[in-house]
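Since the structure comes first, as structure tokens, the remarks are kept for the end.
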Amino acid sequence: MRNRFLTLLAALCVLTVSVAPVYALAVQDVQPLWEAGEARSKIVVISDIHLGIDDSFAEIGTNREFLLQFLKRIQATPDVRELVIAGDFLDDWYLPLDYTASTDTAAFYRKVIANNQVIMDALNDLMRSGIRLVYVPGNHDMLLDAEILDEALPGIVQARDARGIGAYYTGDRNEIVIEHGHRYDVFSAPDTLSNAELTGNDDTILPAGYFYARYAASWVTQGHPSVPKSLPEITIVPDKTDTDQYGAFIYYSILKDISGRITPKEGLEEKIFDMRIAGFDDAYTYLDFYPAQQEDGTISAPKLFRNIQRTWEGRQAVNQVKVPNGFIEAVAGTLEWRYFFEQAKRQYLENPAENVDVVLFGHTHVPALMDLGGDKYYVNEGTWIAHNMDDDKTWIFAVVTTGEKDTAVLYRLTDDGSLIDLGAGAGRAQD
């Protein structure tokens with residue numbers, strides 16, 4: 001029962017300086033990923049790479065070398081048509097609170113790119129070989145401007161629609177759609193509404209998950225301390241018929257659980273979030289966005305993301321969600337990887353306005369391949385971070401073969417370079 005927001009925090013519980021196995025191949029030893037067919041019909045999809053600005057805490061860890069060899073092997077596989085990076089490529093969320101606050105997002109991303117230049121070089125080589133390279137924004141890189149990525153990877157195709165979000169249609173018949181998946185996540189979808197009154201502008205695109213990611217990153221880099229926190233408690237559960245306040249209570253309940261497990265040394269009233277980007281120009285405490293019972297009896301954070309349940313409908317409109325849902329369903333879905341599977345069906349596979357056979361999401365870090373019959377698939381291509389929760393399900397990628405009838409396969413690379421077909425139903429064991 002995990003999605004990207006909680007999976008991130010669960011992953012942080014085990015994340016240390018990574019010692020993942022690496023196989024380094026000389027260029028002349030690079031082998032294709034499989035015995036290639038004659039037609040260039042395969043679309044390879046990866047996501048949640050999380051290349052960082054500082055190797056001492058970046059989530060990719062030593063998996064970067066493994067990724068580098070994977071990219072070389074894609075280039076050596078002649079039936080690959082496209083490589084799609086489905087979000088969370090570069091990371092500006094996973095930063096300890098004591099990391100020097102950035103006020104220039106473009107300069108920040110240029111430094112991330114420079115810190116991972118070997119990957120950029122490999123991707124440019126891949127494009128020069130004739131493989132189409134595509135990028136779809138994720139929540140951890142929603143502030144990445146198209147121009148910055150174009151500088152590093154001239155010729156890359158960028159699929160963007162609303163700010164910080166994109167959907168890429170591909171395949172012989174445009175029957176495949178690829179998103180990151182954060183569009184449907186209360187904690188991770190772009191949020192230009194909840195803090196607009198506080199800041200006096202609608203540039204505050206960063207959602208609540210950004211703040212928790214920074215808070216959790218500090219806890220990890222500090223060595224997972226267990227620090228008692230005296231947080232406000234809400235003891236009276238609103239009636240379910242009061243969808244506004246019951247939704248606010250469900251939101252509070254999720255954050256209460258997280259706050260009991262993620263306990264960095266910073267005090268609750270310290271102004272630890274020094275925000276000088278994306279419409280913010282102030283410093284905030286943990287209590288500023290932690291829900292509590294207010295003087296009027298309502299449940300809400302006192303300052304940041306006040307009454308967040310009331311902005312969800314508007315956020316979905318701004319974020320171009322095709323089939324909107326209610327806040328209670330969306331916030332409760334944060335705990336459930338199947339929520340994103342249901343969204344894939346609702347938005348695309350069962351939507352009569354769409355003509356889609358295959359939907360691929362990232363975001364959750366939980367690999368999944370659901371064969372729905374009739375040549376329809378839902379796929380989540382997992383992650384490439386060094387430690388993924390309490391298992392070894394990393395180095396995951398998807399391959400969709402487009403044609404008159406599509407096929408989808410989910411693979412995991414092993415440390416000796418061989419492939420494991422995860423098969424239909426991958427991810428169900430995590431339910």
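Residues in the structure tokens are numbered from 1 in each chain, the chains being A, B, ... in the order shown, and ligands are numbered from 1 in the order shown.
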Stretch 161-174 of chain A environment, 7 Å, only C-alpha atoms, sequence neighbours closer than 4 positions dropped, as a PyMOL selection string: chain A and resi 136-138+142-143+178-179+183+190+319-320+402-403
Serialized selection, C-alpha atoms, as a PDB file, in the first residue's frame:
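Done, and the output landed in part.pdb:
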ATOM      1  CA  VAL A 136       7.979  14.069 -19.529  1.00  0.00           C
ATOM      2  CA  PRO A 137       8.036  16.267 -16.374  1.00  0.00           C
ATOM      3  CA  GLY A 138       7.776  14.716 -12.909  1.00  0.00           C
ATOM      4  CA  MET A 142       8.460  20.321 -12.205  1.00  0.00           C
ATOM      5  CA  LEU A 143      10.479  23.567 -12.011  1.00  0.00           C
ATOM      6  CA  ILE A 178       3.117   8.113 -20.972  1.00  0.00           C
ATOM      7  CA  GLU A 179       2.810  10.371 -17.907  1.00  0.00           C
ATOM      8  CA  ARG A 183      -1.100  14.925 -11.862  1.00  0.00           C
ATOM      9  CA  PRO A 190       1.389  21.275  -9.085  1.00  0.00           C
ATOM     10  CA  ASN A 319      -3.642  20.667 -14.226  1.00  0.00           C
ATOM     11  CA  GLN A 320      -5.899  19.553 -17.084  1.00  0.00           C
ATOM     12  CA  THR A 402       4.059  -0.920 -31.148  1.00  0.00           C
ATOM     13  CA  GLY A 403       2.254  -2.395 -34.096  1.00  0.00           C
TER      14      GLY A 403
END
Pick out the residues sitting within 9 Å of A:Asp91, and hand them over as a ChimeraX atom specification; count only C-alpha atoms, and ignore anything fewer than 5 positions along from it in its own chain. /A:49-53,58-59,109,112,139-141
Using DSSP secondary structure from the backbone, list all strand (DSSP E or B) positions within stretch 149-292 of chain A, as a VMD selection string. chain A and resid 157 to 158 167 to 170 176 to 179 273 to 275 282 to 284 292
Output for the residues just chosen: C-alpha atoms as a PDB file, in the first residue's frame:
ATOM      1  CA  VAL A 157      11.419  16.048 -27.310  1.00  0.00           C
ATOM      2  CA  GLN A 158       9.637  17.501 -24.279  1.00  0.00           C
ATOM      3  CA  ALA A 167       1.530  13.483 -21.310  1.00  0.00           C
ATOM      4  CA  TYR A 168       3.310  11.947 -24.289  1.00  0.00           C
ATOM      5  CA  TYR A 169       1.334  10.086 -26.946  1.00  0.00           C
ATOM      6  CA  THR A 170       3.305   7.727 -29.144  1.00  0.00           C
ATOM      7  CA  ILE A 176       0.384   4.689 -26.107  1.00  0.00           C
ATOM      8  CA  VAL A 177       0.355   7.460 -23.500  1.00  0.00           C
ATOM      9  CA  ILE A 178       3.117   8.113 -20.972  1.00  0.00           C
ATOM     10  CA  GLU A 179       2.810  10.371 -17.907  1.00  0.00           C
ATOM     11  CA  PHE A 273      11.935  26.075   5.129  1.00  0.00           C
ATOM     12  CA  ASP A 274      13.708  29.094   3.658  1.00  0.00           C
ATOM     13  CA  MET A 275      11.694  29.514   0.470  1.00  0.00           C
ATOM     14  CA  ASP A 282       9.675  33.813   3.272  1.00  0.00           C
ATOM     15  CA  ALA A 283      10.747  31.188   5.790  1.00  0.00           C
ATOM     16  CA  TYR A 284       8.332  28.743   7.396  1.00  0.00           C
ATOM     17  CA  ALA A 292      -4.600  21.374  13.510  1.00  0.00           C
TER      18      ALA A 292
END
Report as a compact mmCIF listing (two decimals) with N, CA and C atoms, in the first residue's frame all protein, DNA and RNA residues lying within 12 Å of stretch 344-348 of chain A, evaluated on only C-alpha atoms, omitting residues in the same chain fewer than 5 positions from it.
# COMPACT_ATOMS: atom_id res chain seq x y z
N ALA A 167 1.93 14.82 -20.86
CA ALA A 167 1.53 13.48 -21.31
C ALA A 167 2.04 13.32 -22.73
N TYR A 169 2.01 11.09 -26.13
CA TYR A 169 1.33 10.09 -26.95
C TYR A 169 2.30 9.60 -28.02
N GLU A 175 -1.43 5.18 -29.81
CA GLU A 175 -2.21 4.35 -28.90
C GLU A 175 -1.54 4.17 -27.54
N ILE A 176 -0.38 4.79 -27.35
CA ILE A 176 0.38 4.69 -26.11
C ILE A 176 0.46 6.08 -25.49
N VAL A 177 0.20 6.18 -24.19
CA VAL A 177 0.35 7.46 -23.50
C VAL A 177 1.24 7.25 -22.28
N ILE A 178 2.14 8.21 -22.06
CA ILE A 178 3.12 8.11 -20.97
C ILE A 178 3.06 9.40 -20.15
N GLU A 179 2.79 9.26 -18.86
CA GLU A 179 2.81 10.37 -17.91
C GLU A 179 3.71 9.98 -16.74
N HIS A 180 4.03 10.97 -15.92
CA HIS A 180 4.70 10.63 -14.67
C HIS A 180 3.69 10.06 -13.67
N GLY A 181 2.51 10.69 -13.58
CA GLY A 181 1.46 10.21 -12.68
C GLY A 181 1.14 11.16 -11.55
N HIS A 182 1.99 12.17 -11.32
CA HIS A 182 1.77 13.07 -10.18
C HIS A 182 0.59 14.01 -10.38
N ARG A 183 0.06 14.08 -11.58
CA ARG A 183 -1.10 14.93 -11.86
C ARG A 183 -2.28 14.57 -10.94
N TYR A 184 -2.33 13.31 -10.49
CA TYR A 184 -3.48 12.81 -9.74
C TYR A 184 -3.20 12.68 -8.24
N GLN A 320 -5.32 20.19 -15.90
CA GLN A 320 -5.90 19.55 -17.08
C GLN A 320 -6.18 18.07 -16.88
N VAL A 321 -6.74 17.74 -15.72
CA VAL A 321 -7.18 16.37 -15.46
C VAL A 321 -8.43 16.11 -16.28
N LYS A 322 -8.44 15.06 -17.06
CA LYS A 322 -9.54 14.79 -17.98
C LYS A 322 -10.82 14.40 -17.25
N VAL A 323 -10.69 13.52 -16.24
CA VAL A 323 -11.84 13.05 -15.47
C VAL A 323 -11.56 13.33 -14.00
N PRO A 324 -12.04 14.45 -13.46
CA PRO A 324 -11.71 14.83 -12.08
C PRO A 324 -12.32 13.86 -11.07
N ASN A 325 -11.76 13.87 -9.85
CA ASN A 325 -12.31 13.10 -8.75
C ASN A 325 -12.36 13.96 -7.50
N TRP A 337 -1.04 2.06 -4.29
CA TRP A 337 -0.52 2.11 -5.66
C TRP A 337 -1.63 1.84 -6.66
N ARG A 338 -2.66 1.09 -6.26
CA ARG A 338 -3.75 0.80 -7.19
C ARG A 338 -4.56 2.04 -7.56
N TYR A 339 -4.50 3.08 -6.73
CA TYR A 339 -5.17 4.33 -7.08
C TYR A 339 -4.70 4.83 -8.43
N ALA A 353 -13.40 9.23 -24.78
CA ALA A 353 -12.81 10.32 -25.56
C ALA A 353 -11.37 10.02 -25.96
N GLU A 354 -10.79 8.93 -25.43
CA GLU A 354 -9.41 8.57 -25.72
C GLU A 354 -9.37 7.29 -26.56
N ASN A 355 -8.29 7.12 -27.30
CA ASN A 355 -8.09 5.90 -28.09
C ASN A 355 -6.73 5.30 -27.71
N VAL A 356 -6.64 4.89 -26.44
CA VAL A 356 -5.37 4.48 -25.86
C VAL A 356 -5.44 3.01 -25.47
N ASP A 357 -4.38 2.26 -25.81
CA ASP A 357 -4.28 0.85 -25.45
C ASP A 357 -3.29 0.59 -24.32
N VAL A 358 -2.28 1.46 -24.19
CA VAL A 358 -1.23 1.25 -23.20
C VAL A 358 -1.00 2.55 -22.45
N VAL A 359 -1.05 2.48 -21.12
CA VAL A 359 -0.76 3.64 -20.26
C VAL A 359 0.44 3.30 -19.40
N LEU A 360 1.42 4.21 -19.36
CA LEU A 360 2.60 4.03 -18.52
C LEU A 360 2.73 5.22 -17.58
N PHE A 361 2.82 4.94 -16.28
CA PHE A 361 3.08 5.93 -15.25
C PHE A 361 4.38 5.57 -14.54
N GLY A 362 4.99 6.57 -13.91
CA GLY A 362 6.08 6.36 -12.98
C GLY A 362 5.60 6.73 -11.59
N MET A 370 -0.13 -4.57 -15.60
CA MET A 370 -1.46 -5.13 -15.52
C MET A 370 -1.97 -5.34 -16.94
N ASP A 371 -2.13 -6.62 -17.33
CA ASP A 371 -2.67 -6.99 -18.63
C ASP A 371 -4.19 -7.05 -18.50
N LEU A 372 -4.87 -6.09 -19.15
CA LEU A 372 -6.31 -5.97 -19.00
C LEU A 372 -7.07 -6.76 -20.06
N LYS A 376 -4.74 -4.37 -24.00
CA LYS A 376 -4.66 -3.15 -23.20
C LYS A 376 -3.82 -3.42 -21.96
N TYR A 377 -2.96 -2.44 -21.61
CA TYR A 377 -2.03 -2.62 -20.50
C TYR A 377 -1.93 -1.34 -19.68
N TYR A 378 -1.70 -1.55 -18.37
CA TYR A 378 -1.20 -0.48 -17.52
C TYR A 378 0.17 -0.90 -17.02
N VAL A 379 1.15 0.02 -17.09
CA VAL A 379 2.52 -0.28 -16.70
C VAL A 379 3.04 0.84 -15.81
N ASN A 380 3.70 0.45 -14.73
CA ASN A 380 4.50 1.40 -13.96
C ASN A 380 5.94 0.91 -13.99
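Summary of the local environment: counting only C-alpha atoms, residues at most 12 Å from A:Ala114, other than itself and those fewer than 3 positions away along its chain, are Leu51, Gly52, Ile53, Asp54, Asp55, Leu90, Ala107, Phe108, Tyr109, Arg110, Lys111, Gln117, Val118, Ile119, Met120, Asp121, Ile148, Leu149, Glu151 and Ala152 of chain A.
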File of the preceding selection, N, CA and C atoms, as a PDB file, in the first residue's frame:
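Okay, this is what ended up in result.pdb:
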ATOM      1  N   LEU A  51      18.527  12.068 -10.571  1.00  0.00           N
ATOM      2  CA  LEU A  51      19.887  12.591 -10.621  1.00  0.00           C
ATOM      3  C   LEU A  51      19.957  13.841  -9.753  1.00  0.00           C
ATOM      4  N   GLY A  52      20.958  13.911  -8.873  1.00  0.00           N
ATOM      5  CA  GLY A  52      21.004  14.990  -7.897  1.00  0.00           C
ATOM      6  C   GLY A  52      22.165  15.938  -8.073  1.00  0.00           C
ATOM      7  N   ILE A  53      22.172  16.981  -7.270  1.00  0.00           N
ATOM      8  CA  ILE A  53      23.181  18.020  -7.350  1.00  0.00           C
ATOM      9  C   ILE A  53      24.427  17.663  -6.547  1.00  0.00           C
ATOM     10  N   ASP A  54      24.306  16.737  -5.599  1.00  0.00           N
ATOM     11  CA  ASP A  54      25.412  16.410  -4.698  1.00  0.00           C
ATOM     12  C   ASP A  54      25.407  14.898  -4.477  1.00  0.00           C
ATOM     13  N   ASP A  55      26.489  14.245  -4.851  1.00  0.00           N
ATOM     14  CA  ASP A  55      26.550  12.788  -4.760  1.00  0.00           C
ATOM     15  C   ASP A  55      26.524  12.273  -3.321  1.00  0.00           C
ATOM     16  N   LEU A  90      15.752  14.819 -13.143  1.00  0.00           N
ATOM     17  CA  LEU A  90      16.608  15.647 -12.297  1.00  0.00           C
ATOM     18  C   LEU A  90      15.824  15.987 -11.036  1.00  0.00           C
ATOM     19  N   ALA A 107      20.071  28.115 -12.513  1.00  0.00           N
ATOM     20  CA  ALA A 107      21.445  27.828 -12.103  1.00  0.00           C
ATOM     21  C   ALA A 107      21.511  26.509 -11.342  1.00  0.00           C
ATOM     22  N   PHE A 108      20.510  26.238 -10.527  1.00  0.00           N
ATOM     23  CA  PHE A 108      20.472  24.980  -9.783  1.00  0.00           C
ATOM     24  C   PHE A 108      20.476  23.791 -10.744  1.00  0.00           C
ATOM     25  N   TYR A 109      19.585  23.819 -11.731  1.00  0.00           N
ATOM     26  CA  TYR A 109      19.486  22.681 -12.648  1.00  0.00           C
ATOM     27  C   TYR A 109      20.741  22.539 -13.515  1.00  0.00           C
ATOM     28  N   ARG A 110      21.367  23.654 -13.851  1.00  0.00           N
ATOM     29  CA  ARG A 110      22.627  23.541 -14.603  1.00  0.00           C
ATOM     30  C   ARG A 110      23.689  22.811 -13.776  1.00  0.00           C
ATOM     31  N   LYS A 111      23.676  23.038 -12.463  1.00  0.00           N
ATOM     32  CA  LYS A 111      24.627  22.335 -11.601  1.00  0.00           C
ATOM     33  C   LYS A 111      24.289  20.847 -11.502  1.00  0.00           C
ATOM     34  N   GLN A 117      27.136  14.851 -15.906  1.00  0.00           N
ATOM     35  CA  GLN A 117      27.461  15.070 -17.310  1.00  0.00           C
ATOM     36  C   GLN A 117      27.646  13.762 -18.079  1.00  0.00           C
ATOM     37  N   VAL A 118      28.133  12.719 -17.426  1.00  0.00           N
ATOM     38  CA  VAL A 118      28.334  11.456 -18.141  1.00  0.00           C
ATOM     39  C   VAL A 118      27.010  10.902 -18.652  1.00  0.00           C
ATOM     40  N   ILE A 119      25.943  11.120 -17.911  1.00  0.00           N
ATOM     41  CA  ILE A 119      24.625  10.672 -18.360  1.00  0.00           C
ATOM     42  C   ILE A 119      24.150  11.528 -19.522  1.00  0.00           C
ATOM     43  N   MET A 120      24.389  12.831 -19.439  1.00  0.00           N
ATOM     44  CA  MET A 120      24.003  13.717 -20.543  1.00  0.00           C
ATOM     45  C   MET A 120      24.761  13.339 -21.817  1.00  0.00           C
ATOM     46  N   ASP A 121      26.032  13.040 -21.679  1.00  0.00           N
ATOM     47  CA  ASP A 121      26.826  12.647 -22.843  1.00  0.00           C
ATOM     48  C   ASP A 121      26.275  11.366 -23.473  1.00  0.00           C
ATOM     49  N   ILE A 148      16.449  24.935 -20.343  1.00  0.00           N
ATOM     50  CA  ILE A 148      17.609  24.377 -19.647  1.00  0.00           C
ATOM     51  C   ILE A 148      17.888  22.966 -20.140  1.00  0.00           C
ATOM     52  N   LEU A 149      16.840  22.174 -20.308  1.00  0.00           N
ATOM     53  CA  LEU A 149      17.027  20.808 -20.784  1.00  0.00           C
ATOM     54  C   LEU A 149      17.475  20.799 -22.241  1.00  0.00           C
ATOM     55  N   GLU A 151      19.390  22.963 -23.615  1.00  0.00           N
ATOM     56  CA  GLU A 151      20.822  23.283 -23.618  1.00  0.00           C
ATOM     57  C   GLU A 151      21.663  22.019 -23.441  1.00  0.00           C
ATOM     58  N   ALA A 152      21.232  21.186 -22.515  1.00  0.00           N
ATOM     59  CA  ALA A 152      22.015  19.987 -22.185  1.00  0.00           C
ATOM     60  C   ALA A 152      21.809  18.879 -23.201  1.00  0.00           C
TER      61      ALA A 152
END
Of the residues A:Gly61, A:Glu350, A:Thr192, A:Lys405, which is the one nearest to A:Gly374, using only C-alpha atoms? A:Lys405
Using DSSP assignments from the backbone, pull out every residue in stretch 6-177 of chain A that falls under helix (DSSP H, G or I) and give it to me as number ranges by chain. A: 6-14, 27-29, 63-75, 105-115, 117-128, 146-152
Sorted by chain and rising residue number, list the residues of stretch 294-371 of chain A at most 10 Å from stretch 198-208 of chain A (counting only C-alpha atoms), each with its closest atom pair and distance in Å to one decimal, as JSON lines.
{"residue": "A:Lys303", "atom": "CA", "partner": "A:Leu198", "partner_atom": "CA", "distance": 7.5}
{"residue": "A:Leu304", "atom": "CA", "partner": "A:Leu198", "partner_atom": "CA", "distance": 7.6}
{"residue": "A:Phe305", "atom": "CA", "partner": "A:Ala208", "partner_atom": "CA", "distance": 7.2}
{"residue": "A:Arg306", "atom": "CA", "partner": "A:Leu198", "partner_atom": "CA", "distance": 9.2}
{"residue": "A:Ile308", "atom": "CA", "partner": "A:Ala208", "partner_atom": "CA", "distance": 9.5}
Write out as an MDAnalysis selection string each polymer residue whose atoms come within 6 Å of stretch 82-87 of chain A, counting only C-alpha atoms; drop sequence neighbours fewer than 4 positions from it. chainID A and resid 43:47 131:138 180
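Each of A:Asp191, A:Asn116, A:Thr241, A:Thr407 was compared to A:Thr62 using only C-alpha atoms, and A:Asn116 turns out to be the nearest.
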